[in-house]
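Structure, as structure tokens:
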Amino acid sequence: MVPALRYIRGACGPALGGFPGGFSSAGRPAPGRSWPLCQGGRPASTRSFDVVVIGGGIVGLASARALILRHPALSIGVLEKEKDLAIHQTGHNSGVIHSGIYYKPESLKAKLCVQGAALIYEYCKQKGISYKQCGKLIVAVEQEEIPRLQALYERGRQNGVQGLRLIQQEDIKKKEPYCRGLMAIDCPYTGIVDYRQVALSFAKDFQEAGGFVLTNFEVKDIELAKENPSRSKDGMKYPIVIRNTKGEEVQCQYVVTCAGLYSDRISELSGCNPDPRIVPFRGDYLILKPEKCYLVKGNIYPVPDSRFPFLGVHFTPRMDGSIWLGPNAVLAFKREGYRPFDFSARDIMDVIIKSGLIKLVFQNFSYGVNEMYKACFLSATVKHLQKFIPEITVSDILRGPAGVRAQALDRDGNLVEDFVFDGGVGDIGNRILHVRNAPSPAATSSLAISGMIADEVQQRFKL
Ligand SMILES: Cc1cc2nc3c(=O)[nH]c(=O)nc-3n(C[C@H](O)[C@H](O)[C@H](O)COP(=O)(O)OP(=O)(O)OC[C@H]3O[C@@H](n4cnc5c(N)ncnc54)[C@H](O)[C@@H]3O)c2cc1C
């Protein structure tokens with residue numbers, strides 16, 4: 001059973017004023033220009049939709065797909081600011097199909113991950129998308145980690161994760177001959193997949209069912225239209241106006257936002273609750289040189305530090321046969337800053353002034369410094385990795401890509417653990433559903449999340 005959506009009842013104030021002059025026809029592309037439209041099958045006006053989904057990552061695309069499959073008569077559009085879909089978190093992650101072991105029993109993360117993993121495996125089988133159910137070991141390398149490992153095992157069983165076993169040194173060696181450890185959780189249900197490929201397949205399903213995807217459409221304003229039927233043949237059927245950075249508009253009845261690293265900004269610009277704020281955490285990966293890939297068979301993870309939502313630097317096989325080591329977790333100075341020196345003054349000021357970041361930093365100063373140190377010095381990361389695979393040396397690894405996590409942080413400096421879906425009040429807020437916090441394992445959970453969003457949209461907007 002999917003639990004009820006968790007709402008933060010928003011600070012969504014009174015309806016924002018309409019734009020001067022009432023209904024505008026400026027939403028149509030200028031003569032001779034067409035929307036950058038990955039076209040769907042529906043010949044309707046491309047500027048008016050029953051439902052618009054903002055964000056073409058895996059959560060937005062899965063949600064749009066679920067909505068159109070359930071309501072084939074509705075016109076549904078996805079708005080994505082980039083020219084390609086799924087290139088941010090969805091295209092920069094570990095690619096692990098998580099089993100659901102880590103998350104607090106009864107939380108949305110626990111339920112939607114267990115359910116989502118089964119759905120992803122099923123979907124990949126149906127669509128012929130390659131995946132590997134290569135399993136995972138969570139390995140305790142210090143005596144003091146063993147109680148935490150055992151507690152994690154119990155949690156996984158409570159969450160209904162299939163096939164979990166606690167194993168000792170000799171069985172660790174059978175699974176991972178080069179890995180040392182005192183005790184481990186063997187989790188055979190964990191797998192790997194390319195989530196961008198999955199997301200693009202969701203987009204294809206959506207378009208084949210009649211949905212529209214508009215790329216290069218960076219949402220800048222979400223407003224309530226003023227009625228002026230003489231200038232709009234749709235009258236007030238589509239009362240929400242969404243404008244992009246180029247001044248182009250689409251109109252719609254209802255909006256679902258799945259904007260990942262920008263979810264707080266999109267919520268704020270619709271007049272809804274700006275909290276929780278998104279704090280970007282960069283995760284750098286290292287890559288094992290091809291001649292050393294034999295050292296790792298499946299996923300090898302550390303026992304996580306329960307103070308943080310990150311799972312710790314791990315060894316992860318990729319669908320192309322390579323092995324990635326990482327990601328670490330360092331504060332990023334830009335929301336989509338994939339390089340260490342990428343910087344945005346606005347992003348930094350936002351997290352310093354508007355979020356509880358300062359408190360978080362003070363509370364976890366040594367952890368933060370340690371992560372920064374390891375990010376700068378390869379030898380420090382290698383020392384950590386050697387606790388698991390002593391054979392690894394600095395000369396066996398190369399620097400790899402990075403991802404940036406959208407981590408929600410409340411005003412008191414607490415990292416928001418669970419998925420958060422947020423409605424609002426007021427004329428716009430009543431027509432919007434925001435996905436506010438969808439960090440890992442939201443890629444694994446995407447199909448389960450989309451089912452829940454489709455239920456909520458149907459109920460809330462009376463579709
Ligand atoms: C380093 C790392 C490792 C991870 N590992 C895993 C893993 O192994 N397994 C797992 O299940 N999950 C993992 N995750 C988490 C997973 O990748 C994310 O939870 C998931 O991709 C979130 O999808 P999304 O659609 O919400 O966000 P995104 O993929 O970031 O998509 C949001 C989209 O919104 C668009 N957008 C933003 N603002 C606007 C705007 N104003 N107008 C229009 N469009 C806009 C963006 O361009 C983007 O395409 C990892 C994440 C990271 C960063």
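For the structure tokens, the naming scheme is as follows: chains receive sequential letters (A, B, ...) according to their order of presentation, residues are indexed from 1 within each chain, and ligands are indexed from 1 in presentation order.
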
Using only C-alpha atoms and all ligand atoms, which residues of the polymer chains come no farther than 7 Å from ligand 1? I'd like the answer as an mmCIF file with C-alpha atoms, in the first residue's frame.
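Generated output (part.cif):
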data_model
loop_
_atom_site.group_PDB
_atom_site.id
_atom_site.type_symbol
_atom_site.label_atom_id
_atom_site.label_comp_id
_atom_site.auth_asym_id
_atom_site.auth_seq_id
_atom_site.Cartn_x
_atom_site.Cartn_y
_atom_site.Cartn_z
ATOM 1 C CA ILE A 54 8.032 21.183 -14.660
ATOM 2 C CA GLY A 55 11.326 19.263 -14.811
ATOM 3 C CA GLY A 56 12.438 16.613 -17.253
ATOM 4 C CA GLY A 57 14.412 14.431 -14.858
ATOM 5 C CA ILE A 58 13.428 10.887 -13.946
ATOM 6 C CA VAL A 59 10.812 11.985 -11.373
ATOM 7 C CA GLY A 60 9.115 14.475 -13.706
ATOM 8 C CA LEU A 79 8.762 21.723 -19.473
ATOM 9 C CA GLU A 80 12.533 21.273 -19.241
ATOM 10 C CA LYS A 81 15.080 24.069 -19.161
ATOM 11 C CA GLU A 82 17.900 22.157 -20.840
ATOM 12 C CA LEU A 85 16.261 15.582 -20.873
ATOM 13 C CA ALA A 86 17.575 13.964 -17.696
ATOM 14 C CA ILE A 87 21.044 15.478 -17.674
ATOM 15 C CA HIS A 88 21.251 16.654 -14.068
ATOM 16 C CA GLN A 89 20.842 14.317 -11.079
ATOM 17 C CA THR A 90 19.274 11.656 -13.283
ATOM 18 C CA GLY A 91 22.299 11.696 -15.562
ATOM 19 C CA HIS A 92 24.905 12.023 -12.785
ATOM 20 C CA ASN A 93 24.393 9.298 -10.238
ATOM 21 C CA SER A 94 25.701 5.926 -9.086
ATOM 22 C CA GLY A 95 23.127 3.989 -11.076
ATOM 23 C CA VAL A 96 22.287 1.699 -8.173
ATOM 24 C CA ILE A 97 18.883 0.074 -7.871
ATOM 25 C CA HIS A 98 18.600 0.317 -4.106
ATOM 26 C CA PHE A 217 11.982 26.092 -21.591
ATOM 27 C CA GLU A 218 13.370 27.519 -18.358
ATOM 28 C CA VAL A 219 10.445 28.408 -16.136
ATOM 29 C CA LYS A 220 10.833 31.868 -14.667
ATOM 30 C CA CYS A 258 9.792 18.118 -10.142
ATOM 31 C CA ALA A 259 12.675 20.564 -10.480
ATOM 32 C CA GLY A 260 15.372 18.721 -8.514
ATOM 33 C CA LEU A 261 18.107 21.178 -7.579
ATOM 34 C CA TYR A 262 15.728 24.092 -8.180
ATOM 35 C CA SER A 263 12.673 22.734 -6.407
ATOM 36 C CA ILE A 266 10.211 26.940 -8.327
ATOM 37 C CA ARG A 282 28.685 17.596 -4.870
ATOM 38 C CA GLY A 283 29.742 13.966 -5.072
ATOM 39 C CA PRO A 327 30.733 9.688 -4.324
ATOM 40 C CA ALA A 402 30.755 14.242 -10.380
ATOM 41 C CA GLY A 403 27.097 14.629 -9.516
ATOM 42 C CA VAL A 404 25.315 17.250 -7.437
ATOM 43 C CA ARG A 405 22.660 16.128 -4.982
ATOM 44 C CA ALA A 406 19.641 18.288 -4.235
ATOM 45 C CA ALA A 438 13.611 13.690 -3.964
ATOM 46 C CA PRO A 439 17.219 12.715 -3.241
ATOM 47 C CA SER A 440 18.577 9.170 -3.453
ATOM 48 C CA PRO A 441 16.893 6.684 -3.824
ATOM 49 C CA ALA A 442 14.400 8.701 -5.894
ATOM 50 C CA ALA A 443 15.723 7.235 -9.155
ATOM 51 C CA THR A 444 15.079 3.716 -7.836
ATOM 52 C CA SER A 445 11.710 4.862 -6.479
#

Check region 209-377 of chain A with DSSP on the backbone and list each residue it calls strand (DSSP E or B), as a ChimeraX atom specification.
-> /A:212-214,219-224,240-244,249-257,277-288,299-302,314-317,323-326,330-331

Between A:Asn273, A:Tyr294, A:Gly400, A:Cys252, which is the closest to Leu325 (chain A) once you count only C-alpha atoms?
->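 Answer, going by the shortest atom-to-atom distance: A:Gly400.
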
Using only C-alpha atoms, find the one residue out of A:Gly128, A:Gly135, A:Pro274, A:Pro105 that sits nearest to Arg157 (chain A).
->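 Looking only at the distances to Arg157 (chain A), the closest residue turns out to be A:Pro105.
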
Find the residues near region 295-297 of chain A: any atom within 7 Å, counting only C-alpha atoms, skip ones fewer than 2 places away on the same chain, and give them as a ChimeraX atom specification.
-> /A:176,178,292-293
